[in-house]
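Here the structure comes first, spelled out in structure tokens, and everything after it is commentary.
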Amino acid sequence: MDNTIELLLNHKSIRKYTDEPVSQEIIDTIISCGQMAPTSSHFQAYTIIEVKDSNKRKLLAEWAGGQRWVETAPLVLLFCGDLHRAEKYYEDIDADALSNTESYTVATVDAALAAQKAFIAAQALGLGGVCVGGIRNEVEKVSEEFKLPDLVFPLFLLCLGYPDHDPGIKPRLPQKLVHKIDFYDESEDQNFIEEYNKTVSNYYDKRTNGKEKDKWTERCGKYLMAKPRYNVGEYFRKLRLLKD
């Protein structure tokens, strides 16, 4: 099997790291690979902030709900959607065009694609990591702490380091549930979900030695209602995003 395919098919979220630092050369390579991601209309509507300050990391870990790996990871990158650069430097534009849902979507997708490229590059170089969206629990505090201007919005962290554990591969949805042909065919979805619920329940049963046996539908519903984050949309509107 091609090494790239093998790498992609063996993705794991790594939250424990060795003490080995990530060299500047590797950091630069990771960022460069992220910059090569597809980007809508060549806008490159994102900014990546490396978080070195221990106090900032401590705050981020706390705001994310106590995710301690934010403090312990050798490398932490904050990915932000960035439309401020467009407002400041694009020529002959109506600034209101940057406050619609399309521009917000472009910046969010650009940032996500860049992060994924950076993540794959890091994995190819022997690192592991995890994305942390929990910082959006306190999206306004994050923005203030990092002095983000209007039209720049924090999305998630990418924590990276050399792996110090192997959590195993978490099972994904059945391919036939997410890969449909010609139209949105739901005729077999219920059966796929029921089988997947059993798979996920068994996975957590084994991973936690019987302490957890949540089904996928149960676990996702619980997580959604525990952190609906209505404040995210409210704050983004204050940043002049999402006017329509």
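Going by the structure tokens order, chains are called A, B, ..., each with residues numbered from 1, while ligands are numbered from 1 in the order shown.
Excluding A:Val132 itself and same-chain residues fewer than 6 positions from it, the residues having an atom within 8 Å of it are A:Ala64, A:Phe156, A:Leu157, A:Leu158, A:Cys159, counting only C-alpha atoms.
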* **Test item, helix (DSSP H, G or I) assignment across stretch 77-224 of chain A, answer as a PyMOL selection string** => chain A and resi 84-89+95-99+101-124+134-145+175-178+189-207+216-224
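Here atom CA of A:Lys243 is placed at a distance of 26.0 Å from atom CA of A:Pro38.
You can rank A:Ala124, A:Val22, A:Val130, A:Ala111 by their closest distance to A:Ile5 using only C-alpha atoms, and at the top of that list sits A:Ala124.
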inquiry  = Env of A:Ser40: 8 Å cut, atoms = only C-alpha atoms, seq-sep filter 2 positions within chain, self excluded. Answer as a PyMOL selection string.
reply    = chain A and resi 38+42-44+106+110
Which polymer residues have any atom within 12 Å of an atom of A:Asp53, counting only C-alpha atoms, with same-chain residues fewer than 6 positions away left out, as a list in words?
Leu59, Leu60, Val70, Glu71, Thr72, Pro74, Leu75, Val76, Leu77, Glu145 and Phe146 of chain A
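Residues in contact with stretch 2-4 of chain A at 12 Å, where only C-alpha atoms are counted and same-chain residues fewer than 6 positions away are skipped, are listed as Asn10, His11, Ile120, Ala121, Gln123, Ala124 and Leu125 of chain A.
Comparing the minimum interatomic distances between A:Pro154 and each of A:Thr101, A:Lys180, A:Ile135, A:Cys80, counting only C-alpha atoms, we find that A:Cys80 sits nearest.
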If you count only C-alpha atoms, the residue of A:Tyr203, A:Phe119, A:Phe183, A:Tyr223 closest to A:Leu8 turns out to be A:Phe119
Q: Using DSSP on the backbone coordinates, identify the residues of stretch 10-105 of chain A assigned to strand (DSSP E); present them as a PyMOL selection string.
A: chain A and resi 46-50+75-82
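Across A:Leu7, A:Phe153, A:Lys215, A:Asp182, the tightest approach to A:Val139 is made by A:Phe153 when counting only C-alpha atoms.
Distances to A:Ser41 were evaluated for A:Ala107, A:Ile14, A:Ile181, A:Lys88 using only C-alpha atoms, and the minimum falls at A:Ala107.
In this structure, atom CA of A:Gln175 sits 9.4 Å away from atom CA of A:Phe192.
Near A:Pro21, within 12 Å and counting only C-alpha atoms, sit Tyr17, Thr18, Gln24, Glu25, Ile26, Ile27, Thr72, Ala73, Pro74, Leu75, Val76, Leu127, Leu160, Gly161, Tyr162 and Pro163 of chain A; same-chain residues fewer than 3 positions away were not included.
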I need the chosen residues saved as a short mmCIF file (atom, residue, chain, number, x, y, z; two decimals), in the first residue's frame, with all heavy atoms.
```
data_model
loop_
_atom_site.label_atom_id
_atom_site.label_comp_id
_atom_site.auth_asym_id
_atom_site.auth_seq_id
_atom_site.Cartn_x
_atom_site.Cartn_y
_atom_site.Cartn_z
N TYR A 17 2.23 13.20 24.57
CA TYR A 17 3.43 13.42 23.76
C TYR A 17 4.70 13.20 24.59
O TYR A 17 4.72 13.39 25.81
CB TYR A 17 3.44 14.85 23.21
CG TYR A 17 2.11 15.26 22.62
CD1 TYR A 17 1.19 15.99 23.35
CD2 TYR A 17 1.76 14.88 21.32
CE1 TYR A 17 -0.04 16.35 22.81
CE2 TYR A 17 0.53 15.24 20.78
CZ TYR A 17 -0.37 15.97 21.53
OH TYR A 17 -1.57 16.31 21.00
N THR A 18 5.78 12.84 23.89
CA THR A 18 7.09 12.78 24.54
C THR A 18 7.59 14.21 24.76
O THR A 18 6.98 15.18 24.31
CB THR A 18 8.10 12.01 23.66
OG1 THR A 18 8.40 12.80 22.49
CG2 THR A 18 7.53 10.66 23.24
N GLN A 24 12.43 23.92 14.51
CA GLN A 24 11.91 25.03 13.70
C GLN A 24 11.78 24.62 12.25
O GLN A 24 10.84 25.04 11.56
CB GLN A 24 12.83 26.25 13.83
CG GLN A 24 12.27 27.50 13.19
CD GLN A 24 10.96 27.93 13.84
OE1 GLN A 24 10.88 28.09 15.07
NE2 GLN A 24 9.91 28.11 13.02
N GLU A 25 12.71 23.80 11.78
CA GLU A 25 12.64 23.34 10.40
C GLU A 25 11.36 22.55 10.14
O GLU A 25 10.69 22.74 9.11
CB GLU A 25 13.86 22.45 10.07
CG GLU A 25 13.88 21.94 8.64
CD GLU A 25 15.06 21.04 8.36
OE1 GLU A 25 15.83 20.73 9.31
OE2 GLU A 25 15.23 20.64 7.19
N ILE A 26 10.99 21.69 11.07
CA ILE A 26 9.76 20.90 10.92
C ILE A 26 8.54 21.80 11.03
O ILE A 26 7.57 21.65 10.27
CB ILE A 26 9.73 19.76 11.94
CG1 ILE A 26 10.74 18.69 11.51
CG2 ILE A 26 8.33 19.16 12.06
CD1 ILE A 26 10.79 17.48 12.42
N ILE A 27 8.56 22.76 11.95
CA ILE A 27 7.43 23.70 12.08
C ILE A 27 7.24 24.45 10.76
O ILE A 27 6.11 24.56 10.26
CB ILE A 27 7.67 24.69 13.24
CG1 ILE A 27 7.65 23.96 14.58
CG2 ILE A 27 6.60 25.79 13.23
CD1 ILE A 27 8.07 24.82 15.76
N THR A 72 0.49 20.67 27.25
CA THR A 72 1.64 19.77 27.19
C THR A 72 2.18 19.51 25.78
O THR A 72 3.31 19.04 25.63
CB THR A 72 1.29 18.41 27.83
OG1 THR A 72 0.17 17.83 27.13
CG2 THR A 72 0.91 18.59 29.29
N ALA A 73 1.40 19.80 24.75
CA ALA A 73 1.85 19.54 23.38
C ALA A 73 3.06 20.42 23.05
O ALA A 73 3.06 21.61 23.36
CB ALA A 73 0.72 19.80 22.39
N PRO A 74 4.09 19.86 22.43
CA PRO A 74 5.25 20.67 22.04
C PRO A 74 4.91 21.79 21.06
O PRO A 74 5.58 22.82 21.05
CB PRO A 74 6.19 19.64 21.38
CG PRO A 74 5.81 18.35 22.02
CD PRO A 74 4.32 18.41 22.22
N LEU A 75 3.87 21.59 20.24
CA LEU A 75 3.51 22.60 19.24
C LEU A 75 1.99 22.78 19.25
O LEU A 75 1.25 21.81 19.14
CB LEU A 75 3.97 22.16 17.86
CG LEU A 75 3.61 23.06 16.67
CD1 LEU A 75 4.22 24.45 16.82
CD2 LEU A 75 4.05 22.42 15.35
N VAL A 76 1.55 24.00 19.39
CA VAL A 76 0.12 24.33 19.38
C VAL A 76 -0.11 25.45 18.37
O VAL A 76 0.51 26.52 18.46
CB VAL A 76 -0.40 24.76 20.76
CG1 VAL A 76 -1.85 25.20 20.69
CG2 VAL A 76 -0.25 23.62 21.77
N LEU A 127 5.00 12.97 13.68
CA LEU A 127 4.27 13.56 14.79
C LEU A 127 2.83 13.03 14.82
O LEU A 127 2.35 12.43 13.86
CB LEU A 127 4.24 15.09 14.67
CG LEU A 127 5.51 15.85 15.04
CD1 LEU A 127 6.56 15.73 13.96
CD2 LEU A 127 5.19 17.33 15.30
N LEU A 160 0.24 19.33 18.43
CA LEU A 160 1.12 18.37 17.77
C LEU A 160 2.33 18.04 18.64
O LEU A 160 2.80 18.87 19.41
CB LEU A 160 1.62 18.94 16.43
CG LEU A 160 0.58 19.20 15.34
CD1 LEU A 160 1.19 20.02 14.22
CD2 LEU A 160 0.02 17.89 14.81
N GLY A 161 2.82 16.82 18.48
CA GLY A 161 4.02 16.38 19.17
C GLY A 161 4.33 14.94 18.79
O GLY A 161 3.59 14.30 18.03
N TYR A 162 5.42 14.43 19.32
CA TYR A 162 5.79 13.04 19.05
C TYR A 162 4.98 12.13 19.97
O TYR A 162 4.97 12.32 21.19
CB TYR A 162 7.29 12.85 19.23
CG TYR A 162 8.08 13.61 18.19
CD1 TYR A 162 8.61 14.87 18.47
CD2 TYR A 162 8.25 13.09 16.91
CE1 TYR A 162 9.31 15.58 17.50
CE2 TYR A 162 8.95 13.80 15.94
CZ TYR A 162 9.47 15.04 16.24
OH TYR A 162 10.14 15.76 15.27
N PRO A 163 4.27 11.14 19.42
CA PRO A 163 3.32 10.34 20.20
C PRO A 163 3.96 9.59 21.35
O PRO A 163 5.06 9.04 21.23
CB PRO A 163 2.75 9.36 19.16
CG PRO A 163 2.97 10.03 17.84
CD PRO A 163 4.26 10.78 17.99
#
```
Exercise. Can you pull out every residue within 8 Å of A:Ala114, counting only C-alpha atoms, but drop anything in the same chain fewer than 3 positions away, and send it as a ChimeraX atom specification?
Key: /A:33-38,110-111,117-118
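As for atom CA of A:Arg15 and atom CA of A:Trp69, they are spaced 5.7 Å apart.
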Restricting to only C-alpha atoms, whichever of A:Val152, A:Met225, A:Ile93, A:Val178 is closest to A:Arg237 is A:Val152
